[in-house]
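Colleague: Dropping in model-v7.csv, which is CSV, C-alpha atoms and all ligand atoms:
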chain,number,residue,atom,x,y,z
V,1,MET,CA,-1.5,-42.7,46.0
V,2,THR,CA,0.6,-41.4,48.9
V,3,ARG,CA,4.2,-40.5,48.9
V,4,GLU,CA,6.8,-40.3,51.6
V,5,PRO,CA,7.2,-36.7,52.7
V,6,SER,CA,10.7,-36.7,51.4
V,7,LEU,CA,11.8,-33.4,49.8
V,8,PRO,CA,11.0,-33.1,46.1
V,9,VAL,CA,13.9,-32.7,43.7
V,10,VAL,CA,11.6,-31.3,40.9
V,11,SER,CA,8.8,-28.9,41.6
V,12,VAL,CA,6.4,-28.0,38.8
V,13,VAL,CA,4.6,-24.7,39.2
V,14,ILE,CA,1.4,-24.2,37.2
V,15,PRO,CA,-0.8,-21.0,37.1
V,16,VAL,CA,-4.5,-21.9,36.6
V,17,PHE,CA,-7.1,-19.5,35.5
V,18,ASN,CA,-10.4,-21.2,34.4
V,19,GLU,CA,-8.7,-24.3,33.0
V,20,ALA,CA,-11.3,-26.9,34.2
V,21,GLY,CA,-11.2,-28.6,30.8
V,22,THR,CA,-7.5,-29.6,30.9
V,23,LEU,CA,-6.5,-30.1,34.5
V,24,VAL,CA,-7.2,-33.8,34.9
V,25,ASP,CA,-5.5,-34.6,31.6
V,26,LEU,CA,-2.6,-32.3,32.5
V,27,HIS,CA,-2.1,-33.9,35.9
V,28,GLU,CA,-2.1,-37.4,34.4
V,29,ARG,CA,0.4,-36.6,31.7
V,30,LEU,CA,2.6,-34.7,34.2
V,31,ALA,CA,2.5,-37.5,36.8
V,32,ARG,CA,3.5,-40.0,34.2
V,33,THR,CA,6.4,-37.9,32.9
V,34,LEU,CA,7.6,-37.1,36.4
V,35,LYS,CA,7.4,-40.7,37.6
V,36,GLU,CA,9.7,-41.7,34.7
V,37,LEU,CA,12.3,-39.3,35.9
V,38,GLY,CA,12.6,-41.4,39.1
V,39,GLN,CA,13.2,-38.5,41.4
V,40,PRO,CA,10.9,-37.1,44.1
V,41,TRP,CA,8.6,-34.5,42.7
V,42,GLU,CA,5.7,-32.2,43.5
V,43,ILE,CA,3.2,-30.2,41.5
V,44,VAL,CA,2.2,-26.8,42.8
V,45,PHE,CA,-1.0,-25.5,41.2
V,46,VAL,CA,-1.9,-21.9,41.8
V,47,ASP,CA,-5.5,-21.1,41.2
V,48,ASP,CA,-5.5,-17.5,40.0
V,49,GLY,CA,-9.1,-16.8,41.1
V,50,SER,CA,-10.8,-19.2,38.6
V,51,THR,CA,-14.5,-18.8,38.4
V,52,ASP,CA,-15.2,-22.2,36.7
V,53,ALA,CA,-14.9,-25.7,38.2
V,54,SER,CA,-11.0,-25.5,38.4
V,55,ALA,CA,-10.9,-25.1,42.2
V,56,GLY,CA,-13.0,-28.2,42.8
V,57,ILE,CA,-10.9,-30.2,40.4
V,58,LEU,CA,-7.7,-29.1,42.0
V,59,ARG,CA,-9.0,-30.1,45.4
V,60,ALA,CA,-9.9,-33.6,44.0
V,61,LEU,CA,-6.4,-33.9,42.5
V,62,HIS,CA,-4.9,-33.0,45.8
V,63,GLU,CA,-7.0,-35.6,47.6
V,64,GLN,CA,-6.0,-38.3,45.2
V,65,ASP,CA,-2.3,-37.4,44.8
V,66,ARG,CA,-0.4,-36.1,47.8
V,67,ALA,CA,2.4,-34.8,45.5
V,68,VAL,CA,-0.2,-32.2,44.4
V,69,ARG,CA,-0.2,-29.0,46.3
V,70,VAL,CA,-2.7,-26.1,45.7
V,71,VAL,CA,-2.5,-22.4,46.4
V,72,ARG,CA,-5.7,-20.5,45.8
V,73,PHE,CA,-5.8,-16.8,45.2
V,74,ALA,CA,-8.7,-14.7,46.5
V,75,ARG,CA,-9.2,-13.2,43.1
V,76,ASN,CA,-7.4,-12.9,39.7
V,77,TYR,CA,-4.0,-11.4,40.1
V,78,GLY,CA,-2.4,-12.5,36.9
V,79,GLN,CA,-0.2,-15.3,35.6
V,80,HIS,CA,3.1,-14.0,36.9
V,81,ALA,CA,1.8,-13.3,40.4
V,82,ALA,CA,0.5,-16.9,40.4
V,83,VAL,CA,3.9,-18.3,39.2
V,84,PHE,CA,5.6,-16.3,41.9
V,85,ALA,CA,3.4,-17.5,44.6
V,86,GLY,CA,3.9,-21.1,43.4
V,87,MET,CA,7.7,-20.6,43.5
V,88,GLN,CA,7.4,-19.4,47.0
V,89,ARG,CA,5.9,-22.7,48.1
V,90,ALA,CA,8.0,-24.9,45.8
V,91,ARG,CA,10.7,-26.9,47.6
V,92,GLY,CA,12.5,-28.6,44.7
V,93,GLU,CA,16.1,-28.2,43.7
V,94,VAL,CA,14.7,-27.4,40.2
V,95,VAL,CA,11.5,-25.5,39.6
V,96,VAL,CA,9.8,-26.0,36.3
V,97,THR,CA,7.0,-23.7,35.2
V,98,LEU,CA,4.3,-24.6,32.7
V,99,ASP,CA,1.0,-23.4,31.4
V,100,ALA,CA,-2.2,-25.2,32.5
V,101,ASP,CA,-3.8,-25.3,29.1
V,102,LEU,CA,-1.6,-28.1,27.7
V,103,GLN,CA,-0.1,-25.8,25.1
V,104,ASN,CA,3.2,-26.7,26.7
V,105,PRO,CA,3.5,-30.5,26.5
V,106,PRO,CA,4.6,-31.9,29.9
V,107,GLU,CA,6.6,-34.5,28.1
V,108,GLU,CA,9.2,-31.9,27.2
V,109,ILE,CA,10.2,-31.5,30.9
V,110,PRO,CA,12.9,-34.3,30.9
V,111,ARG,CA,14.6,-32.5,28.0
V,112,LEU,CA,14.7,-29.2,29.9
V,113,LEU,CA,16.2,-31.0,32.9
V,114,ALA,CA,18.7,-32.9,30.7
V,115,ARG,CA,19.9,-29.5,29.3
V,116,MET,CA,20.5,-28.4,32.8
V,117,ALA,CA,22.8,-31.3,33.6
V,118,ASP,CA,25.9,-29.2,32.9
V,119,GLY,CA,25.0,-26.7,35.6
V,120,THR,CA,23.1,-24.2,33.5
V,121,GLU,CA,20.9,-22.2,35.8
V,122,VAL,CA,18.0,-21.4,33.6
V,123,VAL,CA,16.7,-23.3,30.6
V,124,GLY,CA,13.9,-21.8,28.6
V,125,GLY,CA,11.9,-23.4,25.9
V,126,TRP,CA,11.2,-21.7,22.6
V,127,ARG,CA,8.1,-22.7,20.8
V,128,LYS,CA,9.3,-24.1,17.5
V,129,ARG,CA,6.0,-24.4,15.7
V,130,ARG,CA,3.9,-22.0,17.6
V,131,GLN,CA,0.2,-22.8,17.5
V,132,ASP,CA,-1.2,-19.3,18.0
V,133,PRO,CA,-2.9,-16.9,15.6
V,134,TRP,CA,-0.4,-14.9,13.4
V,135,PRO,CA,-1.1,-11.5,14.9
V,136,ARG,CA,-0.2,-12.9,18.3
V,137,ARG,CA,3.0,-14.4,16.8
V,138,ALA,CA,3.9,-11.1,15.1
V,139,ALA,CA,3.4,-9.1,18.3
V,140,SER,CA,5.5,-11.6,20.2
V,141,TRP,CA,8.3,-11.3,17.7
V,142,ALA,CA,8.5,-7.6,18.4
V,143,VAL,CA,8.2,-8.0,22.1
V,144,ASN,CA,11.0,-10.6,22.2
V,145,ARG,CA,13.3,-8.2,20.4
V,146,LEU,CA,12.5,-5.4,22.8
V,147,THR,CA,12.7,-7.6,25.9
V,148,SER,CA,16.0,-9.1,24.7
V,149,ALA,CA,17.4,-5.6,24.4
V,150,ALA,CA,16.0,-4.4,27.7
V,151,VAL,CA,17.1,-7.5,29.7
V,152,GLY,CA,20.5,-7.7,27.9
V,153,VAL,CA,20.1,-11.5,27.4
V,154,PRO,CA,18.9,-12.3,23.9
V,155,MET,CA,16.3,-15.1,23.8
V,156,ARG,CA,14.0,-16.2,21.0
V,157,ASP,CA,11.0,-16.7,23.1
V,158,TYR,CA,10.4,-14.8,26.4
V,159,GLY,CA,6.8,-15.6,26.3
V,160,CYS,CA,7.2,-19.3,26.6
V,161,MET,CA,6.5,-20.3,30.2
V,162,LEU,CA,7.8,-23.9,29.8
V,163,ARG,CA,11.1,-23.2,31.6
V,164,ALA,CA,13.3,-24.7,34.3
V,165,TYR,CA,15.1,-22.7,37.0
V,166,ARG,CA,17.7,-24.0,39.5
V,167,ARG,CA,17.2,-23.3,43.2
V,168,PRO,CA,19.8,-20.5,43.5
V,169,VAL,CA,18.0,-18.5,40.8
V,170,VAL,CA,14.6,-19.2,42.4
V,171,ASP,CA,15.9,-17.9,45.7
V,172,ARG,CA,17.2,-14.8,44.0
V,173,LEU,CA,13.9,-14.3,42.3
V,174,LEU,CA,12.0,-14.6,45.5
V,175,GLU,CA,14.1,-11.9,47.0
V,176,CYS,CA,12.9,-9.4,44.4
V,177,GLN,CA,10.4,-7.1,46.0
V,178,GLU,CA,9.0,-5.3,42.9
V,179,ILE,CA,5.4,-5.5,42.3
V,180,SER,CA,5.2,-6.3,38.6
V,181,ARG,CA,7.5,-9.2,37.9
V,182,PHE,CA,7.8,-10.7,34.4
V,183,ILE,CA,9.4,-13.9,35.6
V,184,PRO,CA,11.3,-15.1,32.5
V,185,ALA,CA,13.0,-11.7,32.1
V,186,LEU,CA,13.6,-11.2,35.7
V,187,ALA,CA,15.2,-14.7,36.0
V,188,ASN,CA,17.5,-14.0,33.1
V,189,THR,CA,18.9,-10.9,34.8
V,190,LEU,CA,19.6,-13.1,37.9
V,191,ALA,CA,21.1,-16.2,36.3
V,192,ALA,CA,24.8,-16.9,35.7
V,193,SER,CA,24.0,-19.1,32.7
V,194,VAL,CA,21.0,-19.3,30.5
V,195,ALA,CA,20.1,-21.7,27.7
V,196,GLU,CA,17.2,-22.2,25.3
V,197,ILE,CA,16.0,-25.3,23.6
V,198,PRO,CA,13.2,-25.8,21.1
V,199,VAL,CA,10.0,-27.3,22.5
V,200,ALA,CA,6.7,-28.4,21.0
V,201,HIS,CA,3.7,-26.3,21.2
V,202,ALA,CA,0.1,-27.4,20.9
V,203,ALA,CA,-3.0,-25.4,19.9
V,204,ARG,CA,-5.2,-24.4,22.8
V,205,PRO,CA,-7.9,-27.0,23.0
V,206,ASP,CA,-10.7,-24.4,23.4
V,207,ARG,CA,-8.9,-22.1,21.0
V,208,ARG,CA,-9.3,-19.1,23.4
V,209,SER,CA,-6.4,-17.4,25.2
V,210,ARG,CA,-7.1,-16.3,28.7
V,211,TYR,CA,-5.6,-13.0,27.6
V,212,GLY,CA,-7.5,-10.4,25.7
V,213,LEU,CA,-5.7,-8.0,23.4
V,214,PHE,CA,-5.5,-5.3,26.0
V,215,ARG,CA,-4.4,-7.7,28.8
V,216,LEU,CA,-1.7,-8.8,26.5
V,217,LEU,CA,-0.6,-5.3,25.8
V,218,GLN,CA,-0.6,-4.5,29.4
V,219,LEU,CA,1.5,-7.6,30.2
V,220,ASN,CA,3.9,-6.8,27.5
V,221,LEU,CA,4.4,-3.4,28.9
V,222,ASP,CA,5.3,-5.1,32.1
V,223,LEU,CA,2.6,-3.3,33.8
V,224,LEU,CA,0.8,-6.3,35.2
V,225,THR,CA,-0.6,-4.6,38.2
V,226,GLY,CA,-1.0,-1.3,36.6
V,227,PHE,CA,-4.6,-0.6,37.1
V,228,SER,CA,-4.0,2.9,38.1
V,229,LEU,CA,-1.6,3.5,35.2
V,230,LEU,CA,-4.4,3.0,32.7
V,231,PRO,CA,-5.2,6.7,32.2
V,232,ILE,CA,-1.6,7.6,31.5
V,233,GLN,CA,-1.3,4.7,29.1
V,234,ALA,CA,-4.3,6.1,27.2
V,235,VAL,CA,-2.6,9.5,27.1
V,236,SER,CA,0.4,7.9,25.5
V,237,LEU,CA,-1.7,6.1,22.9
V,238,SER,CA,-3.6,9.3,22.0
V,239,GLY,CA,-0.3,11.0,21.6
V,240,VAL,CA,0.8,8.5,19.0
V,241,LEU,CA,-2.6,8.8,17.3
V,242,VAL,CA,-2.4,12.6,17.1
V,243,ALA,CA,1.1,12.5,15.9
V,244,ALA,CA,0.2,9.9,13.2
V,245,LEU,CA,-2.8,12.0,12.1
V,246,GLY,CA,-0.7,15.1,11.9
V,247,LEU,CA,1.9,13.4,9.9
V,248,GLY,CA,-0.8,12.0,7.5
V,249,PHE,CA,-2.2,15.5,7.2
V,250,ALA,CA,1.1,17.0,6.4
V,251,VAL,CA,1.8,14.4,3.7
V,252,PHE,CA,-1.7,15.0,2.2
V,253,LEU,CA,-1.1,18.8,2.2
V,254,GLY,CA,2.4,18.3,0.6
V,255,ILE,CA,0.9,16.4,-2.3
V,256,ARG,CA,-2.0,18.7,-2.6
V,257,ARG,CA,0.5,21.6,-2.8
V,258,LEU,CA,2.3,20.0,-5.7
V,259,LEU,CA,-0.9,19.2,-7.6
V,260,VAL,CA,-3.3,22.0,-6.7
V,261,GLY,CA,-1.0,24.6,-5.2
V,262,PRO,CA,-0.7,26.0,-1.7
V,263,GLU,CA,-3.7,26.5,0.6
V,264,VAL,CA,-4.4,29.8,2.2
V,265,GLU,CA,-1.0,31.2,3.1
V,266,GLY,CA,0.2,27.8,4.2
V,267,VAL,CA,-1.7,28.1,7.5
V,268,PHE,CA,-2.9,24.4,7.5
V,269,THR,CA,0.6,23.1,6.7
V,270,LEU,CA,1.6,24.8,9.8
V,271,PHE,CA,-1.2,23.2,11.8
V,272,ALA,CA,-0.2,19.8,10.5
V,273,ILE,CA,3.3,20.2,11.7
V,274,LEU,CA,2.1,21.6,15.0
V,275,PHE,CA,-0.2,18.6,15.5
V,276,PHE,CA,2.7,16.2,14.9
V,277,PHE,CA,4.8,17.8,17.5
V,278,VAL,CA,1.9,18.2,20.0
V,279,GLY,CA,1.3,14.4,19.6
V,280,LEU,CA,5.0,13.7,20.3
V,281,GLN,CA,4.8,15.8,23.4
V,282,ILE,CA,1.8,14.0,24.8
V,283,LEU,CA,3.5,10.7,24.1
V,284,ALA,CA,6.6,11.9,26.0
V,285,LEU,CA,4.4,13.0,28.9
V,286,GLY,CA,2.7,9.7,28.9
V,287,LEU,CA,6.0,7.9,29.1
V,288,ILE,CA,7.1,9.9,32.0
V,289,GLY,CA,3.8,9.2,33.6
V,290,GLU,CA,4.5,5.4,33.2
V,291,TYR,CA,7.6,5.7,35.2
V,292,VAL,CA,6.1,7.9,37.8
V,293,GLY,CA,3.2,5.4,38.0
V,294,ARG,CA,5.5,2.6,38.6
V,295,ILE,CA,7.3,4.4,41.3
V,296,TYR,CA,3.9,5.1,42.9
V,297,GLN,CA,3.0,1.4,42.8
V,298,GLU,CA,6.3,0.4,44.4
V,299,VAL,CA,6.0,3.0,47.1
V,300,ARG,CA,2.5,1.9,48.1
V,301,ARG,CA,3.9,-1.6,48.8
V,302,ARG,CA,0.6,-3.3,48.6
V,303,PRO,CA,0.7,-7.1,48.7
V,304,PRO,CA,0.8,-8.4,45.1
V,305,TYR,CA,-1.8,-11.0,45.9
V,306,VAL,CA,-4.0,-12.4,48.6
V,307,ILE,CA,-4.1,-16.2,49.2
V,308,SER,CA,-7.4,-17.6,50.3
V,309,GLU,CA,-6.5,-21.2,50.8
V,310,ILE,CA,-3.6,-23.6,50.8
V,311,LEU,CA,-3.8,-27.4,50.3
V,312,GLU,CA,-0.7,-29.3,51.1
K,1,LIG,N1,-3.3,-17.5,33.6
K,1,LIG,C1,-3.4,-17.1,34.9
K,1,LIG,N2,-4.0,-15.9,35.2
K,1,LIG,C2,-4.4,-15.1,34.2
K,1,LIG,C3,-4.3,-15.5,32.9
K,1,LIG,C4,-3.7,-16.7,32.6
K,1,LIG,O1,-3.0,-17.8,35.8
K,1,LIG,O2,-4.9,-14.0,34.5
K,1,LIG,C5,-2.7,-18.8,33.3
K,1,LIG,C6,-3.5,-19.7,32.4
K,1,LIG,O3,-4.4,-20.5,33.1
K,1,LIG,C7,-2.5,-20.5,31.7
K,1,LIG,C8,-1.3,-19.6,31.6
K,1,LIG,O4,-1.5,-18.6,32.6
K,1,LIG,O5,-2.1,-21.6,32.5
K,1,LIG,C9,-1.2,-19.0,30.2
K,1,LIG,O6,-2.4,-18.4,29.8
K,1,LIG,P1,-3.0,-18.6,28.3
K,1,LIG,O7,-2.7,-20.0,27.9
K,1,LIG,O8,-4.4,-18.1,28.3
K,1,LIG,O9,-2.0,-17.6,27.6
K,1,LIG,P2,-1.4,-17.8,26.1
K,1,LIG,O10,-1.3,-19.2,25.8
K,1,LIG,O11,-2.4,-17.1,25.3
K,1,LIG,O12,-0.1,-17.1,26.2
K,2,MG,MG,-1.8,-20.9,26.4
Represent the structure of the file as structure tokens.

Modeller:
Amino acid sequence: MTREPSLPVVSVVIPVFNEAGTLVDLHERLARTLKELGQPWEIVFVDDGSTDASAGILRALHEQDRAVRVVRFARNYGQHAAVFAGMQRARGEVVVTLDADLQNPPEEIPRLLARMADGTEVVGGWRKRRQDPWPRRAASWAVNRLTSAAVGVPMRDYGCMLRAYRRPVVDRLLECQEISRFIPALANTLAASVAEIPVAHAARPDRRSRYGLFRLLQLNLDLLTGFSLLPIQAVSLSGVLVAALGLGFAVFLGIRRLLVGPEVEGVFTLFAILFFFVGLQILALGLIGEYVGRIYQEVRRRPPYVISEILE
């Protein structure tokens, strides 16, 4: 199938990291949905350093469908770096982002676009019946509260990548120079109007997230590229641990004091209190370290990703 090289109205940007199992299916469902919209469209796949057959499949999809464009990263730089690179190449008036694992049904895209008809600049999906394990959902709940407060735009689901952005917001996003960009949050700070609609969510076919627990933690701390910040994060964590232990010890000693009587001159009580505050201090130091680390990363100005190949 070949298309006229007319400019697309809708660009769909998809980060891909080892998704060989779903790509063909995803492309077929997307193409069908987009055709029904009756407007020129394109799909920009960004291969985030996949090590499985994804690259070959994307190349084949590009050969077979000229509306498919592919950007390949030299190695794995993370989902948000991939989405950003895709946005840089997208030409549409509206850019839709989507996960490659079919957890976000492509059939929801027309509803996102319909919600935009009144001029709303960003429309996010929130996963109504989220098909993820409950610890993931619990963590997300907390993160959404925190992010809402930090960004100043309350949203139910910052983690949902099924979202649509109008061109002005995309352009503003692309102007942002910072290294770690959590795109949904960043976009909300740049948009004049934001809306959220419920969307369906499917279980991951292979039941395995591409994110491990720690990767997730890192992402949620918005320290996507924070390799060199790891030590200071460990310092923060150990601070919490020491503080918690100290607090536990203090409680234990308090109860013991009531039941058995005071230990030698109350020396250990003092230690417990001391540990608690020492822990808090280490935590505070770690937090300062996070900010300093961020500044360090920004100052280095390393390119956030390296592209090895572009098919278009
Ligand atoms: N992804 C990526 N780079 C990564 C990790 C994930 O491009 O380092 C992509 C992945 O292929 C998928 C999307 O980001 O399209 C979301 O990943 P996943 O479905 O594993 O996350 P979850 O559903 O657990 O939030
Ligand atoms: Mg997923």

Colleague: Using all atoms listed in the file, which residues of chain V come within 10 Å of ligand MG 2 (chain K), and what is the closest atom pair for each, with the distance in Å to one decimal? Give it as CSV, sorted by chain and residue number.

Modeller:
residue,atom,partner,partner_atom,distance
V:Leu98,CA,K:MG2,MG,9.5
V:Asp99,CA,K:MG2,MG,6.3
V:Ala100,CA,K:MG2,MG,7.5
V:Asp101,CA,K:MG2,MG,5.5
V:Leu102,CA,K:MG2,MG,7.3
V:Gln103,CA,K:MG2,MG,5.3
V:Asn104,CA,K:MG2,MG,7.7
V:Gln131,CA,K:MG2,MG,9.3
V:Asp132,CA,K:MG2,MG,8.6
V:Cys160,CA,K:MG2,MG,9.1
V:Met161,CA,K:MG2,MG,9.1
V:His201,CA,K:MG2,MG,9.3
V:Ala202,CA,K:MG2,MG,8.7
V:Ala203,CA,K:MG2,MG,8.0
V:Arg204,CA,K:MG2,MG,6.1
V:Pro205,CA,K:MG2,MG,9.3
V:Arg207,CA,K:MG2,MG,9.0
V:Arg208,CA,K:MG2,MG,8.3
V:Ser209,CA,K:MG2,MG,5.9
V:Arg210,CA,K:MG2,MG,7.4
V:Tyr211,CA,K:MG2,MG,8.8

Colleague: I'd like the interatomic distance between atom CA of Phe17 of chain V and atom CA of Gly159 of chain V, to a tenth of an Å.

Modeller: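 According to the coordinates, atom CA of Phe17 of chain V and atom CA of Gly159 of chain V are separated by 17.1 Å.
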
Colleague: Would you kindly return, as a PyMOL selection string, each protein, DNA or RNA residue with an atom no farther than 9 Å from any atom of Ile14 of chain V, considering all atoms listed in the file and excluding same-chain residues fewer than 4 positions away?

Modeller: chain V and resi 43-47+82-83+86+96-100

Colleague: Select all residues near (-0.6, 16.0, 3.3) (cut-off 12 Å, inclusive, file coordinates), counting all atoms listed in the file, and output them as a list in words.

Modeller: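 Output: Ala244, Leu245, Gly246, Leu247, Gly248, Phe249, Ala250, Val251, Phe252, Leu253, Gly254, Ile255, Arg256, Arg257, Leu258, Leu259, Val260, Pro262, Glu263, Gly266, Phe268, Thr269, Leu270, Phe271, Ala272 and Ile273 of chain V.
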
Colleague: Can you work out the spacing between atom CA of Ala81 of chain V and atom CA of Val16 of chain V in Å, to one decimal?

Modeller: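 We find that atom CA of Ala81 of chain V and atom CA of Val16 of chain V lie 11.3 Å from each other.
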
Colleague: With distances taken over all atoms listed in the file, which of V:Arg111, V:Phe84, V:Leu213, V:Val169 is nearest to Ala139 of chain V?

Modeller: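 For Ala139 of chain V, the nearest of the candidates is V:Leu213.
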
Colleague: Mind pulling up the distance from atom CA of Arg166 of chain V to atom CA of Asp118 of chain V?

Modeller: 11.7 Å

Colleague: Please identify all polymer residues lying at most 10 Å from the point (-8.1, -21.9, 43.3) (file coordinates), using all atoms listed in the file, and present the result as a PyMOL selection string.

Modeller: chain V and resi 15-18+45-59+70-76+307-311

Colleague: Looking at V:Leu274, V:Leu287, V:Val264, V:Leu26, which one is nearest to ligand LIG 1 (chain K), with distances taken over only C-alpha atoms and all ligand atoms?

Modeller: V:Leu26

Colleague: Taking all atoms listed in the file into account, name the residue in V:Val95, V:Val10, V:Leu162, V:Val153 that is nearest to ligand LIG 1 (chain K).

Modeller: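 Nearest to ligand LIG 1 (chain K): V:Leu162.
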
Colleague: For each of V:Arg172, V:Arg136, V:Lys128, V:Arg167, take the minimum atom-to-atom distance to ligand LIG 1 (chain K), counting all atoms listed in the file, then give the residue where this is smallest.

Modeller: V:Arg136

Colleague: Using all atoms listed in the file, which protein or nucleic acid residues come within 10 Å of Ser238 of chain V? Drop anything in the same chain fewer than 4 positions from it, and give the result as a PyMOL selection string.

Modeller: chain V and resi 232-234+242-244+279-280+282-283+286

Colleague: From the list V:Ser6, V:Gly119, V:Asp206, V:Arg294, which residue is nearest ligand LIG 1 (chain K) when using only C-alpha atoms and all ligand atoms?

Modeller: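 Of V:Ser6, V:Gly119, V:Asp206, V:Arg294, the one nearest ligand LIG 1 (chain K) is V:Asp206, counting only C-alpha atoms and all ligand atoms.
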
Colleague: Can you work out which one of V:Thr33, V:Ser11, V:Thr22, V:Gln79 has the shortest atom-to-atom distance to ligand LIG 1 (chain K), counting all atoms listed in the file?

Modeller: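 Ranked by minimum distance to ligand LIG 1 (chain K), first place goes to V:Gln79.
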
Colleague: Which residues, written as a ChimeraX atom specification, have at least one atom at most 7 Å from Leu112 of chain V, with all atoms listed in the file counted and residues fewer than 4 positions away on the same chain left out?

Modeller: /V:108,116,123,164

Colleague: Could you give me segment 122-141 of chain V completed to N, CA and C atoms, formatted as a PDB file, in the frame of the given file?

Modeller:
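Listing of selection.pdb after writing:
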ATOM      1  N   VAL V 122      19.310 -21.544  34.139  1.00  0.00           N
ATOM      2  CA  VAL V 122      18.000 -21.400  33.600  1.00  0.00           C
ATOM      3  C   VAL V 122      17.894 -21.979  32.213  1.00  0.00           C
ATOM      4  N   VAL V 123      16.920 -22.831  31.959  1.00  0.00           N
ATOM      5  CA  VAL V 123      16.700 -23.300  30.600  1.00  0.00           C
ATOM      6  C   VAL V 123      15.304 -22.964  30.169  1.00  0.00           C
ATOM      7  N   GLY V 124      15.220 -22.204  29.093  1.00  0.00           N
ATOM      8  CA  GLY V 124      13.900 -21.800  28.600  1.00  0.00           C
ATOM      9  C   GLY V 124      13.573 -22.628  27.359  1.00  0.00           C
ATOM     10  N   GLY V 125      12.294 -22.773  27.126  1.00  0.00           N
ATOM     11  CA  GLY V 125      11.900 -23.400  25.900  1.00  0.00           C
ATOM     12  C   GLY V 125      11.522 -22.337  24.879  1.00  0.00           C
ATOM     13  N   TRP V 126      11.794 -22.586  23.598  1.00  0.00           N
ATOM     14  CA  TRP V 126      11.200 -21.700  22.600  1.00  0.00           C
ATOM     15  C   TRP V 126      10.288 -22.513  21.709  1.00  0.00           C
ATOM     16  N   ARG V 127       9.119 -21.938  21.480  1.00  0.00           N
ATOM     17  CA  ARG V 127       8.100 -22.700  20.800  1.00  0.00           C
ATOM     18  C   ARG V 127       8.367 -22.725  19.307  1.00  0.00           C
ATOM     19  N   LYS V 128       8.765 -23.910  18.864  1.00  0.00           N
ATOM     20  CA  LYS V 128       9.300 -24.100  17.500  1.00  0.00           C
ATOM     21  C   LYS V 128       8.193 -23.866  16.473  1.00  0.00           C
ATOM     22  N   ARG V 129       7.135 -24.630  16.596  1.00  0.00           N
ATOM     23  CA  ARG V 129       6.000 -24.400  15.700  1.00  0.00           C
ATOM     24  C   ARG V 129       4.854 -23.904  16.516  1.00  0.00           C
ATOM     25  N   ARG V 130       4.847 -22.606  16.675  1.00  0.00           N
ATOM     26  CA  ARG V 130       3.900 -22.000  17.600  1.00  0.00           C
ATOM     27  C   ARG V 130       2.483 -22.067  17.067  1.00  0.00           C
ATOM     28  N   GLN V 131       1.574 -22.608  17.880  1.00  0.00           N
ATOM     29  CA  GLN V 131       0.200 -22.800  17.500  1.00  0.00           C
ATOM     30  C   GLN V 131      -0.675 -21.653  17.996  1.00  0.00           C
ATOM     31  N   ASP V 132      -0.384 -20.446  17.567  1.00  0.00           N
ATOM     32  CA  ASP V 132      -1.200 -19.300  18.000  1.00  0.00           C
ATOM     33  C   ASP V 132      -1.501 -18.515  16.722  1.00  0.00           C
ATOM     34  N   PRO V 133      -2.550 -17.678  16.773  1.00  0.00           N
ATOM     35  CA  PRO V 133      -2.900 -16.900  15.600  1.00  0.00           C
ATOM     36  C   PRO V 133      -1.718 -15.973  15.193  1.00  0.00           C
ATOM     37  N   TRP V 134      -1.605 -15.659  13.900  1.00  0.00           N
ATOM     38  CA  TRP V 134      -0.400 -14.900  13.400  1.00  0.00           C
ATOM     39  C   TRP V 134      -0.251 -13.525  14.034  1.00  0.00           C
ATOM     40  N   PRO V 135      -1.366 -12.800  14.304  1.00  0.00           N
ATOM     41  CA  PRO V 135      -1.100 -11.500  14.900  1.00  0.00           C
ATOM     42  C   PRO V 135      -0.418 -11.605  16.273  1.00  0.00           C
ATOM     43  N   ARG V 136      -0.792 -12.648  17.028  1.00  0.00           N
ATOM     44  CA  ARG V 136      -0.200 -12.900  18.300  1.00  0.00           C
ATOM     45  C   ARG V 136       1.337 -13.187  18.105  1.00  0.00           C
ATOM     46  N   ARG V 137       1.638 -13.998  17.063  1.00  0.00           N
ATOM     47  CA  ARG V 137       3.000 -14.400  16.800  1.00  0.00           C
ATOM     48  C   ARG V 137       3.845 -13.133  16.400  1.00  0.00           C
ATOM     49  N   ALA V 138       3.224 -12.291  15.560  1.00  0.00           N
ATOM     50  CA  ALA V 138       3.900 -11.100  15.100  1.00  0.00           C
ATOM     51  C   ALA V 138       4.221 -10.168  16.262  1.00  0.00           C
ATOM     52  N   ALA V 139       3.219  -9.968  17.126  1.00  0.00           N
ATOM     53  CA  ALA V 139       3.400  -9.100  18.300  1.00  0.00           C
ATOM     54  C   ALA V 139       4.513  -9.682  19.175  1.00  0.00           C
ATOM     55  N   SER V 140       4.499 -10.999  19.352  1.00  0.00           N
ATOM     56  CA  SER V 140       5.500 -11.600  20.200  1.00  0.00           C
ATOM     57  C   SER V 140       6.904 -11.443  19.662  1.00  0.00           C
ATOM     58  N   TRP V 141       6.993 -11.491  18.341  1.00  0.00           N
ATOM     59  CA  TRP V 141       8.300 -11.300  17.700  1.00  0.00           C
ATOM     60  C   TRP V 141       8.895  -9.979  18.133  1.00  0.00           C
TER      61      TRP V 141
END
